[in-house]
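Enquirer: Quick one: the structure is below, questions incoming.
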Amino acid sequence: MKRKLLIGLGVLLALVVAAVLVGLSARSIPETSRFAIDVDAWRALADSPPGARPIELRVLQVATNRVPQVAAIEGGAFGEHFDMRGYAFEIRWADGRTVVVDPINDAESMGETFPEATWDAAAWDEMQQAMRVADAIIVTHEHFDHMNGLTNSPHFDDVIDKAVLTRVQVEADTYLTGVDARIRGRVKPLDYTGIHALRRGLVLIEAPSHTLGSQMIYVRLADDSEFLMVGDIAWNLANIARPATRPRAVEWAMGELGDNTAHWLRALHDLARQHPEVHQIVAHDKETVEPLIAKGLVGQGFAAAR
Ligand SMILES: [Zn+2]
């Protein structure tokens with residue numbers, strides 16, 4: 001009996017070890033991506049709506065969180081962390097119109113999920129004021145950390161009609177979604193497939209991957225500078241630069257379409273080599289944001305609130 005128990009425990013332990021090893025492993029990145037990136041098509045579409053292109057892209061850091069490197073990328077070091085920044089963005093046109101991207105979540109929902117996070121109340125207020133005067137509010141994907149600044153906005157009734165959310169973002173049953181019944185009841189979803197020009201110089205690129213409602217956001221300014229916000233398809237620049245995905249355990253936990261993510265990471269890796277002029281912005285990674293601020297390509301703090 002005792003021996004049977006020991007064998008049983010041994011088998012269980014072997015299964016746990018196997019699960020951990022498989023969970024920490026990551027799917028391989030394909031040699032070629034099934035997602036074709038056609039920058040010329042984005043450029044042409046960006047210039048199809050009337051008016052002028054935006055003049056500025058700005059960033060506002062609302063939060064910082066610590067995430068184990070082993071969760072962020074295959075082969076990440078045990079015991080090491082990376083700063084997961086909570087960045088919101090603002091696109092500004094010369095006529096004063098603005099679009100806010102990824103309204104970072106409120107203190108309460110931040111603390112519930114990321115107890116170690118630091119959260120900047122003044123920056124969040126600045127973001128809320130910018131949302132009140134914005135022309136539109138969009139998100140790279142429906143996770144709560146990219147949209148609870150809208151869902152839990154103290155100015156909900158003032159800002160909700162500005163939200164431009166895709167049908168998938170609104171309707172998908174995404175784990176950790178920021179969409180609630182109030183949002184579902186108020187937002188008229190946007191339907192598009194492939195790519196869609198939201199404003200002159202602003203193109204949405206459908207990319208179900210990290211979540212079903214993930215999209216990338218291409219911005220081309222009046223001075224021809226170009227940006228691609230990839231949202232959380234990567235958490236680290238290294239996901240694109242190596243390229244390498246998050247471990248399978250994280251994909252499973254998030255309910256991610258991991259195969260799509262791997263194909264997008266290949267496409268973004270190739271894009272970085274072929275079109276280095278398109279500045280890729282990883283939603284949470286200061287390594288992609290701080291050099292753009294230092295070069296004066298992206299402004300710091302929101303302009304609309306001032
Ligand atoms: Zn995120």
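Every chain in the structure tokens takes a letter, A first, then B, and so on in the order presented; its residues are numbered from 1, and the ligands are numbered from 1 following the presented order.
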Please write out the residues within 7 Å of ligand 1 as a ChimeraX atom specification, counting only C-alpha atoms and all ligand atoms.

Expert: /A:143,145-146,232,283-284

Enquirer: Identify all residues of stretch 178-228 of chain A in helix (DSSP H, G or I) (DSSP on the backbone) and supply them as a list of chain:residue names.

Expert: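 DSSP-assigned helix (DSSP H, G or I) residues in stretch 178-228 of chain A: A:Ala181, A:Arg182, A:Ile183, A:Arg184, A:Gly185, A:Arg186.
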
Enquirer: Find the residue from A:Val39, A:Leu6, A:Ala63, A:Met147 that sits nearest to A:Pro276; use only C-alpha atoms when measuring.

Expert: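 Smallest separation from A:Pro276 among the options: A:Val39.
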
Enquirer: Please identify all polymer residues within 9 Å of A:Thr140, counting only C-alpha atoms, omitting same-chain residues fewer than 3 positions from it, and present them as a ChimeraX atom specification.

Expert: /A:101-102,143,146,204,213-217,229-232,283

Enquirer: How about saving the chosen residues, C-alpha atoms kept, as a JSON list (two decimals), in the first residue's frame?

Expert:
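As written to disk, part_13.json reads:
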```
[["chain", "number", "residue", "atom", "x", "y", "z"],
["A", 101, "VAL", "CA", -5.12, 55.32, -26.94],
["A", 102, "ASP", "CA", -5.20, 52.76, -24.10],
["A", 143, "HIS", "CA", -7.69, 43.88, -21.34],
["A", 146, "HIS", "CA", -5.64, 49.12, -21.34],
["A", 204, "LEU", "CA", -6.32, 50.30, -37.25],
["A", 213, "GLY", "CA", -9.92, 41.93, -29.95],
["A", 214, "SER", "CA", -6.27, 42.89, -30.40],
["A", 215, "GLN", "CA", -5.48, 45.47, -33.06],
["A", 216, "MET", "CA", -2.34, 47.39, -33.94],
["A", 217, "ILE", "CA", -2.44, 51.15, -34.43],
["A", 229, "MET", "CA", 1.60, 50.52, -31.58],
["A", 230, "VAL", "CA", 1.68, 46.76, -31.26],
["A", 231, "GLY", "CA", -0.17, 46.67, -27.94],
["A", 232, "ASP", "CA", 0.59, 43.51, -25.97],
["A", 283, "ALA", "CA", 2.61, 49.01, -24.94]]
```

Enquirer: Closest to A:Ala244 among A:Val16, A:Ala72, A:Leu57, A:Ala107, using only C-alpha atoms?

Expert: A:Ala72

Enquirer: Identify, on the basis of only C-alpha atoms, every residue whose closest approach to A:Leu257 does not exceed 10 Å; exclude the query and any residue fewer than 4 positions from it along the same chain; express the result as a PDB file with N, CA and C atoms, in the first residue's frame.

Expert:
```pdb
ATOM      1  N   PRO A 208      -6.084  39.680 -34.153  1.00  0.00           N
ATOM      2  CA  PRO A 208      -6.438  38.801 -33.042  1.00  0.00           C
ATOM      3  C   PRO A 208      -5.254  37.915 -32.671  1.00  0.00           C
ATOM      4  N   SER A 209      -4.839  37.933 -31.413  1.00  0.00           N
ATOM      5  CA  SER A 209      -3.612  37.222 -31.036  1.00  0.00           C
ATOM      6  C   SER A 209      -3.543  37.152 -29.499  1.00  0.00           C
ATOM      7  N   HIS A 210      -2.957  38.171 -28.898  1.00  0.00           N
ATOM      8  CA  HIS A 210      -2.885  38.249 -27.429  1.00  0.00           C
ATOM      9  C   HIS A 210      -4.294  38.186 -26.826  1.00  0.00           C
ATOM     10  N   THR A 211      -5.234  38.875 -27.468  1.00  0.00           N
ATOM     11  CA  THR A 211      -6.670  38.710 -27.197  1.00  0.00           C
ATOM     12  C   THR A 211      -7.378  38.636 -28.538  1.00  0.00           C
ATOM     13  N   LEU A 212      -8.650  38.219 -28.503  1.00  0.00           N
ATOM     14  CA  LEU A 212      -9.428  38.164 -29.748  1.00  0.00           C
ATOM     15  C   LEU A 212      -9.591  39.554 -30.347  1.00  0.00           C
ATOM     16  N   GLU A 251       0.452  31.907 -22.093  1.00  0.00           N
ATOM     17  CA  GLU A 251      -0.539  31.841 -23.178  1.00  0.00           C
ATOM     18  C   GLU A 251      -1.812  31.146 -22.710  1.00  0.00           C
ATOM     19  N   TRP A 252      -1.633  30.011 -22.026  1.00  0.00           N
ATOM     20  CA  TRP A 252      -2.806  29.256 -21.542  1.00  0.00           C
ATOM     21  C   TRP A 252      -3.581  30.097 -20.561  1.00  0.00           C
ATOM     22  N   THR A 261      -0.004  35.013 -32.301  1.00  0.00           N
ATOM     23  CA  THR A 261       1.015  35.894 -31.711  1.00  0.00           C
ATOM     24  C   THR A 261       2.391  35.584 -32.293  1.00  0.00           C
ATOM     25  N   ALA A 262       2.721  34.303 -32.389  1.00  0.00           N
ATOM     26  CA  ALA A 262       4.029  33.908 -32.944  1.00  0.00           C
ATOM     27  C   ALA A 262       4.187  34.408 -34.381  1.00  0.00           C
TER      28      ALA A 262
END
```

Enquirer: Determine the nearest neighbour of A:Arg53 from the options A:Phe82, A:Phe302, A:Trp93, A:Tyr87, counting only C-alpha atoms.

Expert: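 Of all the options, A:Trp93 lies closest to A:Arg53.
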
Enquirer: Would you mind listing what lies within 9 Å of A:Val99 as a PyMOL selection string, with only C-alpha atoms counted and same-chain residues fewer than 4 positions away left out?

Expert: chain A and resi 89-93+130-131+134-138

Enquirer: Selection from above, C-alpha atoms, as a short mmCIF file (atom, residue, chain, number, x, y, z; two decimals), in the first residue's frame, can you write it?

Expert:
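Resulting contents of part.cif:
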```cif
data_model
loop_
_atom_site.label_atom_id
_atom_site.label_comp_id
_atom_site.auth_asym_id
_atom_site.auth_seq_id
_atom_site.Cartn_x
_atom_site.Cartn_y
_atom_site.Cartn_z
CA PHE A 89 -0.98 57.70 -25.70
CA GLU A 90 -2.44 60.80 -27.31
CA ILE A 91 -2.49 61.59 -31.02
CA ARG A 92 -2.98 65.29 -31.75
CA TRP A 93 -4.04 67.11 -34.93
CA ALA A 130 -7.49 64.52 -21.96
CA MET A 131 -10.27 61.96 -22.46
CA ALA A 134 -10.69 63.95 -26.92
CA ASP A 135 -12.37 63.33 -30.23
CA ALA A 136 -12.11 59.54 -29.81
CA ILE A 137 -10.80 56.93 -27.36
CA ILE A 138 -9.42 53.66 -28.73
#
```

Enquirer: Could you give me, as a PyMOL selection string, each residue of stretch 24-170 of chain A that DSSP assigns to strand (DSSP E or B) when run on this structure's backbone?

Expert: chain A and resi 56-68+81-92+98-101+118-119+136-138+143+163+166

Enquirer: Would you work out the distance separating atom CA of A:Val70 from atom CA of A:Glu116, expressed in Å to one decimal?

Expert: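 Interatomic distance, atom CA of A:Val70 to atom CA of A:Glu116: 17.1 Å.
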
Enquirer: For A:Thr64, work out the shell of residues within 10 Å, counting only C-alpha atoms and skipping chain neighbours fewer than 4 positions away, then give it as a ChimeraX atom specification.

Expert: /A:82-87,110,114,116-120,284

Enquirer: Could you list, as an MDAnalysis selection string, every residue within 12 Å of A:Gly79, counting only C-alpha atoms and ignoring same-chain residues fewer than 5 positions away?

Expert: chainID A and resid 66:71

Enquirer: Closest to A:Gly149 among A:His81, A:Val62, A:Ala181, A:Asp223, using only C-alpha atoms?

Expert: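 Among the listed residues, the smallest separation from A:Gly149 belongs to A:Val62.
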
Enquirer: Atom CA of A:Val164 and atom CA of A:Phe227, how far apart in Å?

Expert: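 Computing it gives 19.8 Å between the two atoms.
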
Enquirer: Of the candidates A:Ala123, A:Leu5, A:Val133, A:Val203, which one gets nearest to A:Val219 if we count only C-alpha atoms?

Expert: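 Counting only C-alpha atoms, the residue closest to A:Val219 is A:Val203.
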
Enquirer: For A:Ser225, which residue out of A:Leu165, A:Ala272, A:Val250, A:Ile55 is the nearest one, using only C-alpha atoms?

Expert: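 Ranking A:Leu165, A:Ala272, A:Val250, A:Ile55 by distance to A:Ser225, first place goes to A:Ile55.
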